file start28.txt (compact mmCIF, C-alpha atoms and all ligand atoms)
# COMPACT_ATOMS: atom_id res chain seq x y z
CA MET A 11 -218.83 56.77 16.79
CA ASP A 12 -218.03 60.41 17.15
CA LEU A 13 -217.17 62.05 13.80
CA ARG A 14 -216.40 65.58 12.69
CA CYS A 15 -218.03 65.68 9.24
CA GLU A 16 -218.17 69.48 8.74
CA GLY A 17 -216.24 70.44 5.60
CA CYS A 18 -215.33 66.81 4.86
CA ALA A 19 -217.66 64.74 2.61
CA GLY A 20 -214.77 62.31 2.12
CA CYS A 21 -217.21 59.39 1.95
CA CYS A 22 -219.48 61.20 -0.57
CA VAL A 23 -216.84 62.52 -3.02
CA ASP A 24 -214.14 60.94 -5.18
CA TRP A 25 -211.25 62.98 -3.82
CA ARG A 26 -208.48 60.91 -5.45
CA PRO A 27 -207.58 63.87 -7.73
CA ILE A 28 -206.70 65.86 -4.57
CA ASP A 29 -204.59 63.18 -2.89
CA ALA A 30 -204.41 59.91 -4.82
CA ALA A 31 -202.14 58.21 -2.30
CA ALA A 32 -204.28 58.91 0.77
CA ALA A 33 -207.61 58.25 -0.97
CA ALA A 34 -206.56 55.02 -2.64
CA GLY A 35 -208.48 52.72 -0.33
CA SER A 36 -212.20 53.06 -1.12
CA ASP A 37 -213.79 50.41 1.06
CA ARG A 38 -217.37 49.96 -0.05
CA ALA A 39 -216.86 47.32 -2.76
CA GLY A 40 -216.43 44.14 -0.73
CA SER A 41 -213.66 41.72 -1.61
CA ARG A 42 -214.14 41.66 -5.42
CA PRO A 43 -212.82 44.36 -7.77
CA PRO A 44 -215.69 46.44 -9.16
CA LEU A 45 -215.92 46.70 -12.94
CA ASP A 46 -216.30 50.49 -12.83
CA ASP A 47 -214.07 53.08 -11.19
CA THR A 48 -216.62 54.88 -9.02
CA TYR A 49 -215.13 55.74 -5.63
CA GLY A 50 -217.08 54.78 -2.51
CA LEU A 51 -220.28 53.70 -4.27
CA VAL A 52 -223.11 53.52 -1.71
CA ALA A 53 -224.66 50.05 -2.01
CA LEU A 54 -228.41 50.15 -1.36
CA THR A 55 -230.74 47.49 0.01
CA ARG A 56 -233.51 46.12 -2.19
CA ASP A 57 -236.12 48.03 -0.18
CA GLU A 58 -234.15 51.28 -0.50
CA VAL A 59 -233.89 50.77 -4.26
CA ALA A 60 -237.64 50.12 -4.47
CA ARG A 61 -238.38 53.28 -2.49
CA PHE A 62 -236.26 55.47 -4.78
CA VAL A 63 -238.02 53.94 -7.79
CA ASP A 64 -241.50 54.39 -6.28
CA ASP A 65 -240.68 58.01 -5.46
CA GLY A 66 -239.75 58.76 -9.09
CA LEU A 67 -236.03 58.92 -8.26
CA GLY A 68 -234.98 55.88 -10.28
CA ASP A 69 -232.68 58.14 -12.30
CA ALA A 70 -230.50 58.53 -9.16
CA LEU A 71 -229.47 54.85 -9.33
CA VAL A 72 -226.68 52.97 -11.06
CA PRO A 73 -225.68 49.27 -11.00
CA ARG A 74 -222.19 47.93 -10.35
CA LEU A 75 -220.83 44.61 -11.66
CA PHE A 76 -217.70 42.86 -10.36
CA GLU A 77 -214.69 41.03 -11.70
CA PRO A 78 -214.53 37.46 -10.38
CA ALA A 79 -212.12 36.67 -7.58
CA GLU A 80 -210.07 33.48 -7.80
CA GLY A 81 -212.32 30.44 -7.45
CA ASP A 82 -215.52 32.44 -8.15
CA ASP A 83 -218.25 31.32 -10.47
CA ARG A 84 -218.06 33.54 -13.56
CA VAL A 85 -219.84 34.35 -16.79
CA THR A 86 -218.43 36.13 -19.86
CA VAL A 87 -220.42 39.01 -21.37
CA ASP A 88 -219.09 41.40 -24.03
CA GLY A 89 -215.75 39.57 -23.70
CA THR A 90 -215.60 40.51 -20.00
CA ASP A 91 -215.46 37.98 -17.16
CA LEU A 92 -218.00 38.83 -14.47
CA ALA A 93 -218.44 37.43 -10.98
CA ALA A 94 -221.57 35.28 -11.03
CA VAL A 95 -223.78 32.91 -9.07
CA ASP A 96 -224.95 29.90 -11.11
CA GLY A 97 -224.14 31.80 -14.32
CA HIS A 98 -226.03 34.93 -13.25
CA PRO A 99 -223.83 38.07 -13.03
CA VAL A 100 -223.93 39.56 -9.53
CA PHE A 101 -224.36 43.27 -9.00
CA VAL A 102 -225.24 45.94 -6.47
CA VAL A 103 -227.22 49.14 -6.98
CA GLY A 104 -225.82 52.44 -5.74
CA LEU A 105 -226.20 56.21 -6.06
CA ARG A 106 -224.80 57.97 -9.13
CA LYS A 107 -221.77 60.24 -8.81
CA PRO A 108 -221.66 63.00 -11.44
CA PRO A 109 -218.94 65.67 -11.40
CA LYS A 110 -219.85 68.58 -9.13
CA PRO A 111 -218.06 71.79 -8.06
CA VAL A 112 -216.98 70.91 -4.51
CA ALA A 113 -214.24 71.74 -2.00
CA PRO A 114 -214.15 68.64 0.27
CA ILE A 115 -211.79 67.30 2.96
CA GLY A 116 -210.98 70.69 4.41
CA THR A 117 -209.93 72.33 1.11
CA ASP A 118 -210.98 75.88 0.17
CA GLU A 119 -210.96 75.89 -3.63
CA PRO A 120 -213.92 74.25 -5.44
CA ARG A 121 -212.88 71.63 -8.01
CA TRP A 122 -214.74 69.33 -10.37
CA LEU A 123 -214.92 66.05 -8.48
CA ASP A 124 -217.32 63.14 -8.79
CA ALA A 125 -219.80 63.51 -5.94
CA CYS A 126 -222.94 61.74 -4.77
CA VAL A 127 -226.11 62.99 -6.44
CA PHE A 128 -227.47 63.89 -3.01
CA LEU A 129 -224.50 65.93 -1.83
CA ASP A 130 -225.17 69.67 -1.65
CA PRO A 131 -221.97 71.05 -3.23
CA THR A 132 -222.11 74.30 -1.27
CA THR A 133 -222.69 73.06 2.31
CA LEU A 134 -221.15 69.59 1.76
CA GLN A 135 -224.18 68.17 3.54
CA CYS A 136 -226.40 65.31 2.50
CA ARG A 137 -229.74 66.38 1.07
CA ILE A 138 -231.49 63.24 2.34
CA HIS A 139 -229.79 62.94 5.73
CA GLY A 140 -232.29 61.97 8.41
CA SER A 141 -235.09 61.32 5.88
CA ASP A 142 -236.59 57.90 5.20
CA ARG A 143 -234.48 57.79 2.03
CA TYR A 144 -231.17 58.07 3.89
CA PRO A 145 -229.24 54.88 2.96
CA ARG A 146 -228.33 52.40 5.65
CA THR A 147 -224.79 52.30 4.23
CA CYS A 148 -224.35 56.01 4.98
CA ALA A 149 -226.16 55.96 8.34
CA SER A 150 -223.91 53.19 9.65
CA TYR A 151 -220.60 54.39 8.17
CA PRO A 152 -217.87 53.68 9.29
CA GLY A 153 -219.24 51.12 11.78
CA HIS A 154 -218.27 48.01 9.79
CA ASN A 155 -214.72 49.23 9.29
CA LEU A 156 -214.36 49.86 13.00
CA ALA A 157 -215.79 46.41 13.81
CA LEU A 158 -213.24 44.81 11.46
CA ASP A 159 -210.42 47.09 12.59
CA ALA A 160 -210.14 48.24 8.94
CA GLU A 161 -209.07 51.74 7.89
CA THR A 162 -211.92 54.24 7.50
CA GLU A 163 -212.44 57.03 5.01
CA CYS A 164 -212.32 59.40 8.00
CA GLU A 165 -208.76 58.28 8.77
CA ARG A 166 -207.77 58.57 5.10
CA VAL A 167 -209.00 62.16 5.17
CA GLU A 168 -206.97 62.74 8.34
CA ALA A 169 -203.90 61.29 6.57
CA ALA A 170 -204.44 63.76 3.72
CA ASP A 171 -204.30 66.54 6.33
CA GLY A 172 -208.02 67.10 6.04
CA GLY A 173 -208.33 67.71 9.79
CA GLU A 174 -209.26 65.52 12.73
CA ARG A 175 -212.31 63.44 11.74
CA LEU A 176 -212.66 60.18 13.67
CA LEU A 177 -212.99 61.43 17.24
CA ASP A 178 -214.16 58.18 18.85
CA GLY A 179 -213.95 54.75 17.17
CA ALA A 180 -216.43 52.83 19.35
CA VAL A 181 -218.63 50.46 17.27
CA PRO A 182 -222.36 51.25 17.67
CA ASP A 183 -224.51 48.39 18.98
CA ASP A 184 -227.01 48.85 16.14
CA THR A 185 -224.49 48.39 13.29
CA PRO A 186 -226.42 46.39 10.63
CA PRO A 187 -225.08 43.29 8.80
CA PRO A 188 -222.46 44.09 6.12
CA ALA A 189 -223.68 44.76 2.58
CA PHE A 190 -221.59 41.89 1.16
CA GLY A 191 -221.45 38.19 1.98
CA PRO A 192 -223.70 35.15 1.46
CA GLN A 193 -226.49 36.64 3.58
CA ALA A 194 -226.71 39.60 1.19
CA LEU A 195 -228.00 37.74 -1.91
CA GLY A 196 -231.34 39.24 -2.92
CA SER A 197 -231.04 41.93 -0.23
CA THR A 198 -228.04 44.07 -1.25
CA VAL A 199 -226.29 41.81 -3.79
CA PHE A 200 -228.42 40.74 -6.74
CA ALA A 201 -228.03 38.34 -9.67
CA HIS A 202 -229.14 39.17 -13.21
CA PRO A 203 -231.10 36.23 -14.67
CA ASP A 204 -230.50 37.07 -18.37
CA PRO A 205 -226.80 37.66 -19.11
CA ASP A 206 -227.51 37.13 -22.84
CA GLU A 207 -229.41 40.44 -22.81
CA LEU A 208 -226.43 42.42 -21.54
CA ASP A 209 -224.35 42.69 -24.72
CA GLY A 210 -223.12 46.29 -24.97
CA VAL A 211 -224.42 47.15 -21.52
CA VAL A 212 -221.38 45.79 -19.71
CA ALA A 213 -218.96 47.86 -21.76
CA ARG A 214 -220.90 51.05 -20.99
CA LEU A 215 -221.09 50.26 -17.27
CA ARG A 216 -217.35 49.69 -17.20
CA VAL A 217 -216.61 53.23 -18.39
CA GLY A 218 -219.35 54.86 -16.29
CA ASP A 219 -221.47 55.71 -19.32
CA ALA A 220 -224.60 53.63 -18.74
CA ALA A 221 -227.77 54.71 -20.57
CA ALA A 222 -231.11 54.97 -18.77
CA ASP A 223 -232.18 51.68 -20.32
CA ASP A 224 -228.98 49.98 -19.10
CA ARG A 225 -229.53 51.17 -15.55
CA ALA A 226 -233.22 50.24 -15.70
CA ARG A 227 -232.48 46.60 -16.60
CA PHE A 228 -230.50 46.09 -13.40
CA VAL A 229 -232.58 48.23 -11.07
CA GLY A 230 -235.70 46.34 -12.16
CA VAL A 231 -234.07 43.00 -11.32
CA ALA A 232 -232.98 44.33 -7.91
CA VAL A 233 -236.54 45.40 -7.07
CA GLY A 234 -237.93 42.06 -8.27
CA SER A 235 -235.35 39.99 -6.33
CA ARG A 236 -236.26 37.79 -3.38
CA PRO A 237 -234.01 37.66 -0.30
CA ALA A 238 -231.67 34.63 -0.07
CA SER A 239 -232.72 33.51 -3.52
CA LEU A 240 -231.78 33.71 -7.20
CA SER A 241 -235.41 33.99 -8.26
CA VAL A 242 -236.78 37.25 -9.62
CA ASP A 243 -240.40 38.35 -9.75
CA ARG A 244 -240.47 39.19 -13.48
CA GLU A 245 -243.61 41.30 -13.32
CA ARG A 246 -242.33 43.41 -10.45
CA ALA A 247 -238.96 43.75 -12.18
CA ALA A 248 -240.55 44.91 -15.44
CA GLU A 249 -242.72 47.50 -13.65
CA ALA A 250 -239.73 48.90 -11.78
CA ALA A 251 -237.58 48.98 -14.93
CA ALA A 252 -240.32 50.92 -16.74
CA ARG A 253 -240.43 53.46 -13.92
CA VAL A 254 -236.66 53.94 -14.09
CA ARG A 255 -236.80 54.50 -17.85
CA GLU A 256 -239.53 57.13 -17.37
CA ALA A 257 -237.94 58.86 -14.36
CA ASP A 258 -237.30 62.57 -14.86
CA SER A 259 -236.44 63.87 -11.41
CA TRP A 260 -234.33 66.84 -10.33
CA VAL A 261 -231.53 64.30 -9.78
CA GLY A 262 -231.39 63.07 -13.37
CA ARG A 263 -231.66 66.61 -14.74
CA ALA A 264 -228.87 67.81 -12.43
CA VAL A 265 -226.62 64.91 -13.49
CA ARG A 266 -227.01 65.94 -17.15
CA GLU A 267 -226.39 69.62 -16.41
CA TRP A 268 -223.31 69.00 -14.27
CA ARG A 269 -221.83 66.68 -16.88
CA GLU A 270 -222.26 69.31 -19.57
CA ARG A 271 -220.59 71.99 -17.49
CA ALA A 272 -217.81 70.04 -15.75
CA GLY A 273 -214.14 70.55 -16.46
CA GLU A 274 -211.54 67.80 -16.23
CA ARG A 275 -211.69 65.79 -13.01
CA GLY A 276 -209.79 67.58 -10.27
CA THR A 277 -209.46 70.90 -12.09
CA PRO A 278 -210.43 74.10 -10.27
CA VAL A 279 -213.86 75.56 -10.98
CA THR A 280 -213.31 78.69 -13.04
CA ALA A 281 -216.41 80.57 -11.79
CA SER A 282 -216.22 82.53 -8.55
CA VAL A 283 -217.54 80.75 -5.45
CA ARG A 284 -220.56 83.05 -5.52
CA ASP A 285 -221.35 82.10 -9.13
CA ARG A 286 -220.85 78.47 -8.18
CA ASP A 287 -223.32 78.78 -5.33
CA GLU A 288 -225.89 80.42 -7.63
CA LEU A 289 -225.48 77.62 -10.15
CA VAL A 290 -226.06 75.01 -7.45
CA ARG A 291 -229.23 76.81 -6.38
CA GLU A 292 -230.40 76.92 -10.00
CA LEU A 293 -229.57 73.34 -11.05
CA GLU A 294 -230.41 71.52 -7.84
CA ASP A 295 -232.47 73.51 -5.30
CA GLY A 296 -234.46 75.30 -8.01
CA GLU A 297 -235.35 71.96 -9.58
CA GLY A 298 -236.67 70.45 -6.36
CA ALA A 299 -233.64 69.22 -4.39
CA PRO A 300 -234.24 69.16 -0.61
CA GLY A 301 -232.25 71.90 1.13
CA THR A 302 -229.55 71.46 3.76
CA PRO A 303 -229.29 73.55 6.95
CA GLY A 304 -225.58 74.46 6.86
CA TRP A 305 -223.30 73.77 9.81
CA GLU A 306 -224.11 76.73 12.06
S1 LIG B 1 -226.53 59.67 0.39
FE1 LIG B 1 -225.78 61.45 1.51
S2 LIG B 1 -224.29 60.68 3.03
FE2 LIG B 1 -224.65 59.05 1.48
S3 LIG B 1 -222.99 59.35 -0.04
FE3 LIG B 1 -224.79 60.50 -0.76
S4 LIG B 1 -224.50 62.60 0.06
FE4 LIG B 1 -223.12 61.24 1.17
S1 LIG B 2 -215.28 60.53 5.77
FE1 LIG B 2 -215.85 60.30 7.95
S2 LIG B 2 -215.66 62.38 8.83
FE2 LIG B 2 -215.70 62.58 6.57
S3 LIG B 2 -217.88 62.98 6.08
FE3 LIG B 2 -217.52 60.73 5.90
S4 LIG B 2 -218.08 59.92 7.94
FE4 LIG B 2 -217.78 62.15 8.18

call {"tool": "encode", "arguments": {"input": "start28.txt", "output": "structure tokens", "more": "lines below"}}
Ligand code: SF4
Ligand code: SF4
result
Amino acid sequence: MDLRCEGCAGCCVDWRPIDAAAAAGSDRAGSRPPLDDTYGLVALTRDEVARFVDDGLGDALVPRLFEPAEGDDRVTVDGTDLAAVDGHPVFVVGLRKPPKPVAPIGTDEPRWLDACVFLDPTTLQCRIHGSDRYPRTCASYPGHNLALDAETECERVEAADGGERLLDGAVPDDTPPPAFGPQALGSTVFAHPDPDELDGVVARLRVGDAAADDRARFVGVAVGSRPASLSVDRERAAEAAARVREADSWVGRAVREWRERAGERGTPVTASVRDRDELVRELEDGEGAPGTPGWE
């Protein structure tokens, strides 16, 4: 793959408010409709989730549930039908996307758009790129799409006149298995063993307003899951959930600050670009976010 990512961040930002028609094909949800409306959620492996939790970054994580497809096993919680395996709601764990002041896909004017917690809003670079926390989903994107001859986010950005992005569509030899499918159970797709405990939680997840305790319940189960199995190590799950509830990283603090300051989705940022850059330095870099080098 040969990509031109400078000034893009199309796979890290919900840019539907800029061009709803071109961006309408987020492709990281598998074949079932997600319950929430987050665009391009980055599904993490169990080991990646565990690493974020161990590193005190559990407040960067959010679960995603799914509506059942026709013929799927399902369970009803809070009056909502959920895709399930043997009565256990299935879910993935991804990275949160708070509103941030960004100018993606070749635009000049910063707007309030939902963006990955690890995206530096000023350089549009990933703060964990190349580190051992860099998610497999991001490192291999858009390899699976190319293998399946499916449209990529890069091409959607091109269609929105965001510049030439996908320069060479060859599929890398080391493209990992897809995040969805039967082989993914317990590795990237998890099953919650106690749907009776999820009253109220499902409704909050649906509207993107999950509390720390809601997120912790799912993240704990993901960490305690065993590959190719429905069984969950309850002790490991409880320890991980406790760490998520206690997490107070720069990520969680930045999410709260950005949410307090954000205007309506898609609206221009009223501060000057210089003020915006200073705010990013204060709320993210000044709180411990890893820096990015810029494109020069
Ligand atoms: S982890 Fe990095 S590359 Fe992946 S979505 Fe977030 S900012 Fe983008
Ligand atoms: S959408 Fe494609 S070109 Fe744009 S940042 Fe993502 S991988 Fe790079």

call {"tool": "residues_around", "arguments": {"input": "start28.txt", "residues": "A:Thr302", "least_positions_apart": "2", "cutoff": "8 Å", "atoms": "only C-alpha atoms", "output": "ChimeraX atom specification"}}
result
/A:130,133,135-137,300,304

call {"tool": "closest_atom_pairs", "arguments": {"input": "start28.txt", "of": "chain A", "to": "ligand LIG 2 (chain B)", "cutoff": "7 Å", "atoms": "only C-alpha atoms and all ligand atoms", "output": "Markdown table"}}
result
| residue | atom | partner | partner_atom | distance |
| --- | --- | --- | --- | --- |
| A:Leu13 | CA | B:LIG2 | S2 | 5.2 |
| A:Arg14 | CA | B:LIG2 | S2 | 5.1 |
| A:Cys15 | CA | B:LIG2 | FE4 | 3.7 |
| A:Cys18 | CA | B:LIG2 | FE2 | 4.6 |
| A:Ala19 | CA | B:LIG2 | S3 | 3.9 |
| A:Gly20 | CA | B:LIG2 | S1 | 4.1 |
| A:Cys21 | CA | B:LIG2 | FE3 | 4.2 |
| A:Cys22 | CA | B:LIG2 | FE3 | 6.8 |
| A:Tyr151 | CA | B:LIG2 | S4 | 6.1 |
| A:Pro152 | CA | B:LIG2 | S4 | 6.4 |
| A:Glu163 | CA | B:LIG2 | S1 | 4.6 |
| A:Cys164 | CA | B:LIG2 | FE1 | 3.6 |
| A:Val167 | CA | B:LIG2 | S1 | 6.5 |
| A:Arg175 | CA | B:LIG2 | S2 | 4.6 |
| A:Leu176 | CA | B:LIG2 | S2 | 6.1 |

call {"tool": "residues_around", "arguments": {"input": "start28.txt", "residues": "A:Asp224", "least_positions_apart": "6", "cutoff": "9 Å", "atoms": "only C-alpha atoms", "output": "PDB file with C-alpha atoms, in the coordinates of the input"}}
result
ATOM      1  CA  VAL A  72    -226.680  52.970 -11.060  1.00  0.00           C
ATOM      2  CA  PRO A  73    -225.680  49.270 -11.000  1.00  0.00           C
ATOM      3  CA  LEU A 208    -226.430  42.420 -21.540  1.00  0.00           C
ATOM      4  CA  VAL A 211    -224.420  47.150 -21.520  1.00  0.00           C
ATOM      5  CA  VAL A 212    -221.380  45.790 -19.710  1.00  0.00           C
ATOM      6  CA  ARG A 214    -220.900  51.050 -20.990  1.00  0.00           C
ATOM      7  CA  LEU A 215    -221.090  50.260 -17.270  1.00  0.00           C
TER       8      LEU A 215
END

call {"tool": "residues_near_ligand", "arguments": {"input": "start28.txt", "ligand": "ligand LIG 1 (chain B)", "cutoff": "8 Å", "atoms": "only C-alpha atoms and all ligand atoms", "output": "PyMOL selection string"}}
result
chain A and resi 19+21-23+50-52+105+125-130+134-139+144-145+147-149

call {"tool": "atom_distance", "arguments": {"input": "start28.txt", "atom1": "atom CA of A:Ala70", "atom2": "atom CA of A:Arg253"}}
result
12.1 Å

call {"tool": "closest_residue", "arguments": {"input": "start28.txt", "among": "A:Arg26, A:Arg255, A:Arg74, A:His98", "to": "A:Asp206", "atoms": "all atoms listed in the file"}}
result
A:His98

call {"tool": "residues_around", "arguments": {"input": "start28.txt", "residues": "A:Ser235", "least_positions_apart": "4", "cutoff": "8 Å", "atoms": "only C-alpha atoms", "output": "list in words"}}
result
Arg56, Gly196, Ser197, Phe200, Val231, Ser239, Leu240, Ser241, Val242, Asp243 and Ala247 of chain A

call {"tool": "residues_around", "arguments": {"input": "start28.txt", "residues": "A:Glu165", "least_positions_apart": "2", "cutoff": "10 Å", "atoms": "all atoms listed in the file", "output": "ChimeraX atom specification"}}
result
/A:20,32-33,161-163,167-177

call {"tool": "axis_aligned_box", "arguments": {"input": "start28.txt", "around": "stretch 201-219 of chain A", "padding_each_side": "5 Å", "output": "JSON"}}
result
{"center_x": -223.9, "center_y": 46.0, "center_z": -17.3, "size_x": 24.5, "size_y": 29.5, "size_z": 25.3}

call {"tool": "closest_residue", "arguments": {"input": "start28.txt", "among": "A:Thr277, A:Thr90, A:Ser282, A:Asn155", "to": "A:Leu123", "atoms": "all atoms listed in the file"}}
result
A:Thr277

call {"tool": "atom_distance", "arguments": {"input": "start28.txt", "atom1": "atom CA of A:Ile28", "atom2": "atom CA of A:Pro109"}}
result
14.0 Å
